[in-house]
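Colleague: Here it is: the structure, laid out below.
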Amino acid sequence: MNQTILLEINNSIATLSFNRPQAMNSYNLELAQAFAEATETVKNDPTIRAVLLRGNGAMFMAGGDIQFFSQHLDEMADQVSVMMPYVKQTVLNLQTMSKPVLASVHGSVAGIGMSFMAACDLVIAADTTKFTLAYGALGISPDGGASYFLPRLVGTKKAMQLALFSELFDAQTAQEMGLINWVVPEAELNTQTEKYAQKLAKGASLAFAEMKQLINQTGDNSLSEQLELEEKSFTKCAQSDDFKEGVRAFLAKRKAEFKGL
Amino acid sequence: MNQTILLEINNSIATLSFNRPQAMNSYNLELAQAFAEATETVKNDPTIRAVLLRGNGAMFMAGGDIQFFSQHLDEMADQVSVMMPYVKQTVLNLQTMSKPVLASVHGSVAGIGMSFMAACDLVIAADTTKFTLAYGALGISPDGGASYFLPRLVGTKKAMQLALFSELFDAQTAQEMGLINWVVPEAELNTQTEKYAQKLAKGASLAFAEMKQLINQTGDNSLSEQLELEEKSFTKCAQSDDFKEGVRAFLAKRKAEFKGL
Amino acid sequence: MNQTILLEINNSIATLSFNRPQAMNSYNLELAQAFAEATETVKNDPTIRAVLLRGNGAMFMAGGDIQFFSQHLDEMADQVSVMMPYVKQTVLNLQTMSKPVLASVHGSVAGIGMSFMAACDLVIAADTTKFTLAYGALGISPDGGASYFLPRLVGTKKAMQLALFSELFDAQTAQEMGLINWVVPEAELNTQTEKYAQKLAKGASLAFAEMKQLINQTGDNSLSEQLELEEKSFTKCAQSDDFKEGVRAFLAKRKAEFKGL
């Protein structure tokens, strides 16, 4: 793996850090390949129980690499066809891997950075973070799933507004519209992020995997179909060690010690 | 019907009261059977124009019967397969019966209690009510449709947060996130509940039945399909006595007297 | 085209004005035909880059023509079958035409006026505007897509409340629930509307067309399907003159001059 994304694994938590700080972590082919590969790695590692996605340097991600685009304006169709398979693989991995993914964002989140953030299960943001879809201002439509996630998170009217006007908005606004989960003072971002990541990694990982799948895929299902899927998941979890521990801990009024099994 | 749920019918309103107050109305096999049967009864009774769901004692429903689970931890797959058909039948009945269902909640709403509440069409809550999904803390995934209803009501990010962290939240928060309709002072819960139930029972029941079906099933349909369904419903209602009365009352600037026909 | 709706085209902006002010712009057969025809015209005119929908007189639209209904109460099925094809064509045109549609509302928005407003991509409202679904109070179910749009914009619980109780609510409330985008002082409605319409008409119209289609149709698609559609749109826009201009303007830190090509 090239060094445009760094992967560290500690205490069952995989931390993925965008690592092109000199280029505002903008998304180029190298990063696209490394990010897709890294999500594949954490997806397939059964010892990982929680994933954290963040950016090194001044911001989470500024969007696509516009300098690169400007040098290839007459061969964009080719460039897109090379890049897009990595985009799709990465977004699908984030949404479907059987462990929760927490995005911790700061500085700026723009363009495809918004799509990657939205593809994560949970988002914590520094209160100073600025967000923008940016695509419209560049004369292009979104990639990375923004047109899937945003209407579902903020409604179609607000999604249309953000897309058509490339509005810049702050963390408080992002939380109020349902785009992110938590806003914390910038100075506390790392400790608060760590706290949530730890909770995820020490949770009932089997149940979390079922919950994630049920919630992320419910949009494709009727109520009746979803009830069938819930039954399958429930039956699976009900036979796990973690459920036995959860029930015993609850009745003993003590904190459960989940092993993810 | 056993006595774990009580059914009273007055003035075209069916009131279903969970009646295991000594066990916090926790959901066990007896209650599962009685609740499924009761929803079947009210579904099939054409004289009932509104349904009210509430809990006797200190709370609406504490969730599943964990004491029972603890005694059957090695045979959970069998227990689930006995219980789940009742869960599914009940939730589908609440969502599809051709009359509005109002949940009136107080005390605590936890676990499958959240699913049943969410499966109702409207929810009124005492301001002192506390809510939690609870499943994650027990090491199990949701049943009763929580993974269907919550993402649609509060968005996937917030649904994931509530599911993974078993967060406890209050009535004001529940209302702000779109999970419930009204919050009233605890002392006024019964009178306010009665007021809404009366309005529902005296409304244009035929139109209400069509509205309920259109709104609860729109998630399965494209815009074009939904427009076709709206036309069928509209045509049906347009030929009803209630529509004639509605139009005449509107023009005479008097209150309409609907008969549900 | 009869004069119940007026169409003006200026600077690539098509303005459609309901023009039955003496009848509160209520929706009758004449208006239904003219509105369907007008949306067909603007849909098919490639020089139009933004559409504005508004009402002449005291309000946007009071709903269906109840006076007319009262005169045809015994032949409603026939009346509905004549009217409804125009309703469906109009709503589908508003949602699918390849240019953004901005509704500018004032006074009252009721009944099918709510459906037409919701079918537009963006909504700006005077702070004095009042909204109501109204159907339930008349004893009829919604037409024009209200049962499709509202659950997606405000959630099923709130949609059910608005439908069953025909609640009257104000512009601030409409914005908070996600039904509309902007609320401005009544005296500023026209200038603010003009400002947004101009921005839309001077934007990257090709990208806007793709964004509109992606956002309005995402509800029918799985994530994987949506990612495929995003790739097609992105590839198309990436080869456009507007994208070249957008990239060059971004790097030169100047405002892009989009031509919609």
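Ordering of the structure tokens sets the chain letters (A, B, ...), residue numbers begin anew at 1 in every chain, and ligands are numbered from 1 in the order given.
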Using only C-alpha atoms, which protein or nucleic acid residues come within 10 Å of Tyr27 (chain A)? Drop anything in the same chain fewer than 2 positions from it, and give the result as a list in words.
Modeller: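 The filter keeps Thr4, Phe18, Arg20, Ala23, Met24, Asn25, Leu29, Glu30, Leu31, Ala32, Gln33, Phe35, Met61, Ala62, Gly63, Gly64, Asp65, Ile66, Phe68, Met83, Val87, Gly111, Ile112 and Gly113 of chain A.
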Colleague: Can those selected residues be exported to a file as an mmCIF file, in the first residue's frame so that it contains N, CA, C and O atoms?
Modeller:
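Result file is again12.cif:
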data_model
loop_
_atom_site.group_PDB
_atom_site.id
_atom_site.type_symbol
_atom_site.label_atom_id
_atom_site.label_comp_id
_atom_site.auth_asym_id
_atom_site.auth_seq_id
_atom_site.Cartn_x
_atom_site.Cartn_y
_atom_site.Cartn_z
ATOM 1 N N THR A 4 -0.417 7.173 0.953
ATOM 2 C CA THR A 4 -1.431 8.239 0.923
ATOM 3 C C THR A 4 -2.557 7.995 1.920
ATOM 4 O O THR A 4 -3.367 8.875 2.179
ATOM 5 N N PHE A 18 -6.260 9.595 6.140
ATOM 6 C CA PHE A 18 -5.837 10.190 4.860
ATOM 7 C C PHE A 18 -4.516 10.890 5.122
ATOM 8 O O PHE A 18 -4.374 11.610 6.113
ATOM 9 N N ARG A 20 -2.346 12.855 2.797
ATOM 10 C CA ARG A 20 -1.771 13.780 1.804
ATOM 11 C C ARG A 20 -1.955 15.200 2.330
ATOM 12 O O ARG A 20 -2.561 16.052 1.665
ATOM 13 N N ALA A 23 -1.480 18.244 0.298
ATOM 14 C CA ALA A 23 -2.450 18.476 -0.786
ATOM 15 C C ALA A 23 -3.877 18.471 -0.244
ATOM 16 O O ALA A 23 -4.830 18.130 -0.943
ATOM 17 N N MET A 24 -4.036 18.824 1.027
ATOM 18 C CA MET A 24 -5.351 18.909 1.682
ATOM 19 C C MET A 24 -6.106 17.569 1.601
ATOM 20 O O MET A 24 -7.332 17.558 1.532
ATOM 21 N N ASN A 25 -5.338 16.471 1.616
ATOM 22 C CA ASN A 25 -5.910 15.124 1.482
ATOM 23 C C ASN A 25 -6.830 14.994 0.276
ATOM 24 O O ASN A 25 -7.791 14.211 0.300
ATOM 25 N N LEU A 29 -5.551 9.403 -7.816
ATOM 26 C CA LEU A 29 -5.548 7.980 -8.134
ATOM 27 C C LEU A 29 -4.804 7.142 -7.095
ATOM 28 O O LEU A 29 -5.266 6.065 -6.712
ATOM 29 N N GLU A 30 -3.679 7.669 -6.643
ATOM 30 C CA GLU A 30 -2.918 6.944 -5.608
ATOM 31 C C GLU A 30 -3.760 6.715 -4.352
ATOM 32 O O GLU A 30 -3.814 5.612 -3.812
ATOM 33 N N LEU A 31 -4.392 7.778 -3.905
ATOM 34 C CA LEU A 31 -5.220 7.670 -2.694
ATOM 35 C C LEU A 31 -6.435 6.775 -2.954
ATOM 36 O O LEU A 31 -6.834 5.988 -2.086
ATOM 37 N N ALA A 32 -6.998 6.876 -4.134
ATOM 38 C CA ALA A 32 -8.156 6.041 -4.474
ATOM 39 C C ALA A 32 -7.809 4.564 -4.349
ATOM 40 O O ALA A 32 -8.563 3.770 -3.769
ATOM 41 N N GLN A 33 -6.643 4.203 -4.891
ATOM 42 C CA GLN A 33 -6.197 2.801 -4.825
ATOM 43 C C GLN A 33 -5.913 2.371 -3.388
ATOM 44 O O GLN A 33 -6.347 1.312 -2.935
ATOM 45 N N PHE A 35 -7.003 3.679 -0.588
ATOM 46 C CA PHE A 35 -8.198 3.707 0.260
ATOM 47 C C PHE A 35 -9.049 2.460 -0.009
ATOM 48 O O PHE A 35 -9.535 1.801 0.927
ATOM 49 N N MET A 61 -10.832 16.123 4.302
ATOM 50 C CA MET A 61 -10.587 15.948 2.867
ATOM 51 C C MET A 61 -11.203 17.106 2.076
ATOM 52 O O MET A 61 -12.369 17.442 2.250
ATOM 53 N N ALA A 62 -10.372 17.677 1.198
ATOM 54 C CA ALA A 62 -10.816 18.855 0.436
ATOM 55 C C ALA A 62 -11.616 18.491 -0.809
ATOM 56 O O ALA A 62 -12.142 19.375 -1.480
ATOM 57 N N GLY A 63 -11.708 17.211 -1.155
ATOM 58 C CA GLY A 63 -12.423 16.805 -2.367
ATOM 59 C C GLY A 63 -11.475 16.201 -3.381
ATOM 60 O O GLY A 63 -10.407 15.704 -3.011
ATOM 61 N N GLY A 64 -11.883 16.213 -4.651
ATOM 62 C CA GLY A 64 -11.022 15.669 -5.705
ATOM 63 C C GLY A 64 -9.801 16.539 -5.933
ATOM 64 O O GLY A 64 -9.749 17.689 -5.494
ATOM 65 N N ASP A 65 -8.836 15.999 -6.635
ATOM 66 C CA ASP A 65 -7.582 16.721 -6.899
ATOM 67 C C ASP A 65 -7.760 17.588 -8.154
ATOM 68 O O ASP A 65 -7.564 17.126 -9.275
ATOM 69 N N ILE A 66 -8.109 18.823 -7.951
ATOM 70 C CA ILE A 66 -8.501 19.692 -9.070
ATOM 71 C C ILE A 66 -7.295 20.070 -9.930
ATOM 72 O O ILE A 66 -7.412 20.228 -11.143
ATOM 73 N N PHE A 68 -4.935 18.060 -10.644
ATOM 74 C CA PHE A 68 -4.821 16.913 -11.546
ATOM 75 C C PHE A 68 -5.868 16.990 -12.668
ATOM 76 O O PHE A 68 -5.545 16.799 -13.839
ATOM 77 N N MET A 83 -10.605 5.765 -12.330
ATOM 78 C CA MET A 83 -10.783 6.122 -10.918
ATOM 79 C C MET A 83 -12.040 5.527 -10.290
ATOM 80 O O MET A 83 -12.036 5.113 -9.126
ATOM 81 N N VAL A 87 -13.605 4.224 -6.305
ATOM 82 C CA VAL A 87 -14.614 4.977 -5.541
ATOM 83 C C VAL A 87 -15.740 4.046 -5.106
ATOM 84 O O VAL A 87 -16.116 3.998 -3.926
ATOM 85 N N GLY A 111 -16.675 18.029 -1.457
ATOM 86 C CA GLY A 111 -16.767 17.135 -2.601
ATOM 87 C C GLY A 111 -16.872 15.679 -2.186
ATOM 88 O O GLY A 111 -17.735 15.308 -1.378
ATOM 89 N N ILE A 112 -16.000 14.855 -2.742
ATOM 90 C CA ILE A 112 -16.072 13.423 -2.455
ATOM 91 C C ILE A 112 -15.760 13.127 -0.988
ATOM 92 O O ILE A 112 -16.138 12.069 -0.476
ATOM 93 N N GLY A 113 -15.144 14.069 -0.278
ATOM 94 C CA GLY A 113 -14.968 13.932 1.166
ATOM 95 C C GLY A 113 -16.318 13.854 1.865
ATOM 96 O O GLY A 113 -16.499 13.105 2.839
#
Colleague: Within 7 Å of chain B, which residues belong to chain A? Use only C-alpha atoms and report them as number ranges by chain.
Modeller: A: 121-122, 152-153, 178, 180-181, 204, 207-208, 210-211, 214-215, 218, 222-223, 226-227, 230-231, 233-235, 237-239, 242-244, 246-248
Colleague: Could you write out that same residue set with C-alpha atoms as a compact mmCIF listing (two decimals), in the first residue's frame?
Modeller:
# COMPACT_ATOMS: atom_id res chain seq x y z
CA ASP A 121 -22.02 4.79 9.96
CA LEU A 122 -21.35 7.56 12.47
CA ARG A 152 -31.91 9.96 2.89
CA LEU A 153 -30.21 11.95 5.67
CA GLY A 178 -29.04 14.99 10.50
CA ILE A 180 -23.58 14.06 11.43
CA ASN A 181 -23.99 12.69 14.95
CA ALA A 204 -21.51 -6.65 21.13
CA ALA A 207 -25.13 -7.70 17.15
CA PHE A 208 -23.52 -4.51 15.82
CA GLU A 210 -26.39 -7.34 12.19
CA MET A 211 -27.69 -3.88 13.16
CA LEU A 214 -30.28 -4.09 8.82
CA ILE A 215 -30.14 -0.29 9.01
CA THR A 218 -33.59 -1.30 4.96
CA SER A 222 -40.60 -3.67 2.37
CA LEU A 223 -41.66 -3.89 6.02
CA GLN A 226 -37.32 -6.34 6.81
CA LEU A 227 -39.18 -8.29 9.52
CA GLU A 230 -34.69 -9.03 11.58
CA GLU A 231 -35.77 -12.52 12.59
CA SER A 233 -30.38 -11.61 12.69
CA PHE A 234 -32.15 -11.92 16.03
CA THR A 235 -31.95 -15.72 15.95
CA CYS A 237 -27.47 -13.11 17.97
CA ALA A 238 -29.73 -14.95 20.44
CA GLN A 239 -27.42 -17.95 20.26
CA ASP A 242 -22.40 -12.06 23.93
CA PHE A 243 -26.17 -12.32 24.33
CA LYS A 244 -25.76 -14.74 27.25
CA GLY A 246 -25.68 -9.33 28.07
CA VAL A 247 -28.64 -11.01 29.76
CA ARG A 248 -26.61 -12.10 32.80
Colleague: Quick one: residues within 7 Å of Glu245 (chain A), only C-alpha atoms, excluding same-chain residues fewer than 6 positions away - as a PyMOL selection string?
Modeller: chain A and resi 256-258
Colleague: Between C:Ser12, C:Thr129, C:Gln71, C:Asn19, which has the minimum distance to Val184 (chain C) (counting only C-alpha atoms)?
Modeller: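 Closest candidate: C:Thr129.
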Colleague: DSSP on the backbone, strand (DSSP E) only: what residues of region 45-218 of chain C does that give? Format it as a ChimeraX atom specification.
Modeller: /C:50-55,101-105,108-110,122-126,130-132,169-170,182-184
Colleague: Report the distance between CA of Ala171 (chain A) and CA of Ile124 (chain A) in Å, rounded to one decimal place.
Modeller: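 We find that CA of Ala171 (chain A) and CA of Ile124 (chain A) lie 9.4 Å from each other.
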Colleague: Per DSSP on the backbone, filter region 14-234 of chain C down to the residues in helix (DSSP H, G or I) and report them as a PyMOL selection string.
Modeller: chain C and resi 21-23+29-44+66-71+73-96+112-119+135-138+146-154+156-165+171-176+186-201+205-220+223-234
Colleague: Of the residues C:Leu53, C:Leu133, C:Ala174, C:Ala209, which is the one nearest to Ala119 (chain C), using only C-alpha atoms?
Modeller: C:Leu53
Colleague: So that I can see what lies close to Met59 (chain A), please list as a list of chain:residue names the residues with an atom at most 6 Å from it, counting only C-alpha atoms and leaving out residues fewer than 5 positions away in the same chain.
Modeller: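 So the residues in contact are A:His106, A:Gly107, A:Ser108.
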Colleague: Using only C-alpha atoms, which of B:Ala125, B:Ile48, B:Ala110, B:Val105 sits nearest Lys259 (chain B)?
Modeller: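 Ranked by minimum distance to Lys259 (chain B), first place goes to B:Ile48.
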Colleague: Neighbouring residues of Glu188 (chain A) were defined as those with any atom within 12 Å, considering only C-alpha atoms; residues of the same chain fewer than 2 positions away were excluded. Please report them as number ranges by chain.
Modeller: A: 104, 106, 124-128, 182-186, 190-195
Colleague: Could you save those same residues with N, CA, C and O atoms as a PDB file, in the first residue's frame?
Modeller:
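Writing the result to again_20.pdb gives the following:
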ATOM      1  N   SER A 104     -14.212  10.818  11.845  1.00  0.00           N
ATOM      2  CA  SER A 104     -13.892  11.934  12.737  1.00  0.00           C
ATOM      3  C   SER A 104     -13.377  13.055  11.843  1.00  0.00           C
ATOM      4  O   SER A 104     -12.308  12.932  11.247  1.00  0.00           O
ATOM      5  N   HIS A 106     -12.588  17.234  10.670  1.00  0.00           N
ATOM      6  CA  HIS A 106     -12.155  18.549  11.141  1.00  0.00           C
ATOM      7  C   HIS A 106     -11.746  19.372   9.918  1.00  0.00           C
ATOM      8  O   HIS A 106     -11.600  18.833   8.818  1.00  0.00           O
ATOM      9  N   ILE A 124     -18.394  12.145  13.921  1.00  0.00           N
ATOM     10  CA  ILE A 124     -18.132  13.146  14.956  1.00  0.00           C
ATOM     11  C   ILE A 124     -17.329  14.265  14.302  1.00  0.00           C
ATOM     12  O   ILE A 124     -16.456  13.998  13.475  1.00  0.00           O
ATOM     13  N   ALA A 125     -17.659  15.513  14.634  1.00  0.00           N
ATOM     14  CA  ALA A 125     -17.004  16.653  13.977  1.00  0.00           C
ATOM     15  C   ALA A 125     -16.522  17.675  14.990  1.00  0.00           C
ATOM     16  O   ALA A 125     -17.188  17.918  16.004  1.00  0.00           O
ATOM     17  N   ALA A 126     -15.367  18.272  14.718  1.00  0.00           N
ATOM     18  CA  ALA A 126     -14.937  19.449  15.470  1.00  0.00           C
ATOM     19  C   ALA A 126     -15.903  20.588  15.165  1.00  0.00           C
ATOM     20  O   ALA A 126     -16.402  20.697  14.039  1.00  0.00           O
ATOM     21  N   ASP A 127     -16.153  21.428  16.147  1.00  0.00           N
ATOM     22  CA  ASP A 127     -17.137  22.512  15.972  1.00  0.00           C
ATOM     23  C   ASP A 127     -16.705  23.541  14.927  1.00  0.00           C
ATOM     24  O   ASP A 127     -17.523  24.339  14.477  1.00  0.00           O
ATOM     25  N   THR A 128     -15.447  23.523  14.551  1.00  0.00           N
ATOM     26  CA  THR A 128     -14.930  24.488  13.574  1.00  0.00           C
ATOM     27  C   THR A 128     -14.953  23.958  12.131  1.00  0.00           C
ATOM     28  O   THR A 128     -14.520  24.648  11.214  1.00  0.00           O
ATOM     29  N   TRP A 182     -22.325  13.990  16.147  1.00  0.00           N
ATOM     30  CA  TRP A 182     -21.862  14.757  17.311  1.00  0.00           C
ATOM     31  C   TRP A 182     -20.975  15.925  16.880  1.00  0.00           C
ATOM     32  O   TRP A 182     -20.175  15.805  15.945  1.00  0.00           O
ATOM     33  N   VAL A 183     -21.087  17.032  17.590  1.00  0.00           N
ATOM     34  CA  VAL A 183     -20.196  18.186  17.408  1.00  0.00           C
ATOM     35  C   VAL A 183     -19.494  18.419  18.740  1.00  0.00           C
ATOM     36  O   VAL A 183     -20.157  18.511  19.775  1.00  0.00           O
ATOM     37  N   VAL A 184     -18.178  18.489  18.713  1.00  0.00           N
ATOM     38  CA  VAL A 184     -17.412  18.713  19.956  1.00  0.00           C
ATOM     39  C   VAL A 184     -16.406  19.845  19.723  1.00  0.00           C
ATOM     40  O   VAL A 184     -16.024  20.117  18.579  1.00  0.00           O
ATOM     41  N   PRO A 185     -15.986  20.496  20.799  1.00  0.00           N
ATOM     42  CA  PRO A 185     -14.963  21.539  20.634  1.00  0.00           C
ATOM     43  C   PRO A 185     -13.730  20.958  19.940  1.00  0.00           C
ATOM     44  O   PRO A 185     -13.332  19.826  20.240  1.00  0.00           O
ATOM     45  N   GLU A 186     -13.152  21.741  19.072  1.00  0.00           N
ATOM     46  CA  GLU A 186     -12.010  21.276  18.283  1.00  0.00           C
ATOM     47  C   GLU A 186     -10.927  20.623  19.156  1.00  0.00           C
ATOM     48  O   GLU A 186     -10.382  19.580  18.798  1.00  0.00           O
ATOM     49  N   ASN A 190     -10.058  14.651  19.379  1.00  0.00           N
ATOM     50  CA  ASN A 190      -9.350  13.369  19.450  1.00  0.00           C
ATOM     51  C   ASN A 190      -9.765  12.521  20.652  1.00  0.00           C
ATOM     52  O   ASN A 190      -9.989  11.319  20.516  1.00  0.00           O
ATOM     53  N   THR A 191      -9.899  13.135  21.819  1.00  0.00           N
ATOM     54  CA  THR A 191     -10.286  12.342  22.996  1.00  0.00           C
ATOM     55  C   THR A 191     -11.723  11.836  22.868  1.00  0.00           C
ATOM     56  O   THR A 191     -12.017  10.691  23.215  1.00  0.00           O
ATOM     57  N   GLN A 192     -12.630  12.673  22.348  1.00  0.00           N
ATOM     58  CA  GLN A 192     -14.015  12.229  22.178  1.00  0.00           C
ATOM     59  C   GLN A 192     -14.117  11.137  21.112  1.00  0.00           C
ATOM     60  O   GLN A 192     -14.871  10.176  21.258  1.00  0.00           O
ATOM     61  N   THR A 193     -13.366  11.293  20.041  1.00  0.00           N
ATOM     62  CA  THR A 193     -13.349  10.266  18.992  1.00  0.00           C
ATOM     63  C   THR A 193     -12.887   8.935  19.565  1.00  0.00           C
ATOM     64  O   THR A 193     -13.495   7.887  19.325  1.00  0.00           O
ATOM     65  N   GLU A 194     -11.819   8.990  20.332  1.00  0.00           N
ATOM     66  CA  GLU A 194     -11.260   7.792  20.964  1.00  0.00           C
ATOM     67  C   GLU A 194     -12.296   7.126  21.875  1.00  0.00           C
ATOM     68  O   GLU A 194     -12.450   5.906  21.870  1.00  0.00           O
ATOM     69  N   LYS A 195     -13.033   7.939  22.600  1.00  0.00           N
ATOM     70  CA  LYS A 195     -14.039   7.418  23.524  1.00  0.00           C
ATOM     71  C   LYS A 195     -15.114   6.618  22.768  1.00  0.00           C
ATOM     72  O   LYS A 195     -15.453   5.484  23.147  1.00  0.00           O
TER      73      LYS A 195
END
Colleague: For CA of Ala58 (chain C) and CA of Leu179 (chain C), quote the distance in Å rounded to one decimal.
Modeller: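 One can read the CA of Ala58 (chain C) to CA of Leu179 (chain C) distance as 21.3 Å.
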Colleague: Between CA of Lys130 (chain B) and CA of Phe169 (chain B), what is the distance in Å, rounded to a tenth?
Modeller: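 About the pair CA of Lys130 (chain B) and CA of Phe169 (chain B): they are 5.8 Å apart.
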Colleague: For Ile13 (chain B), which residue among B:Ala201, B:Ala103, B:Met117, B:Leu206 is the nearest when counting only C-alpha atoms?
Modeller: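 Nearest to Ile13 (chain B): B:Ala201.
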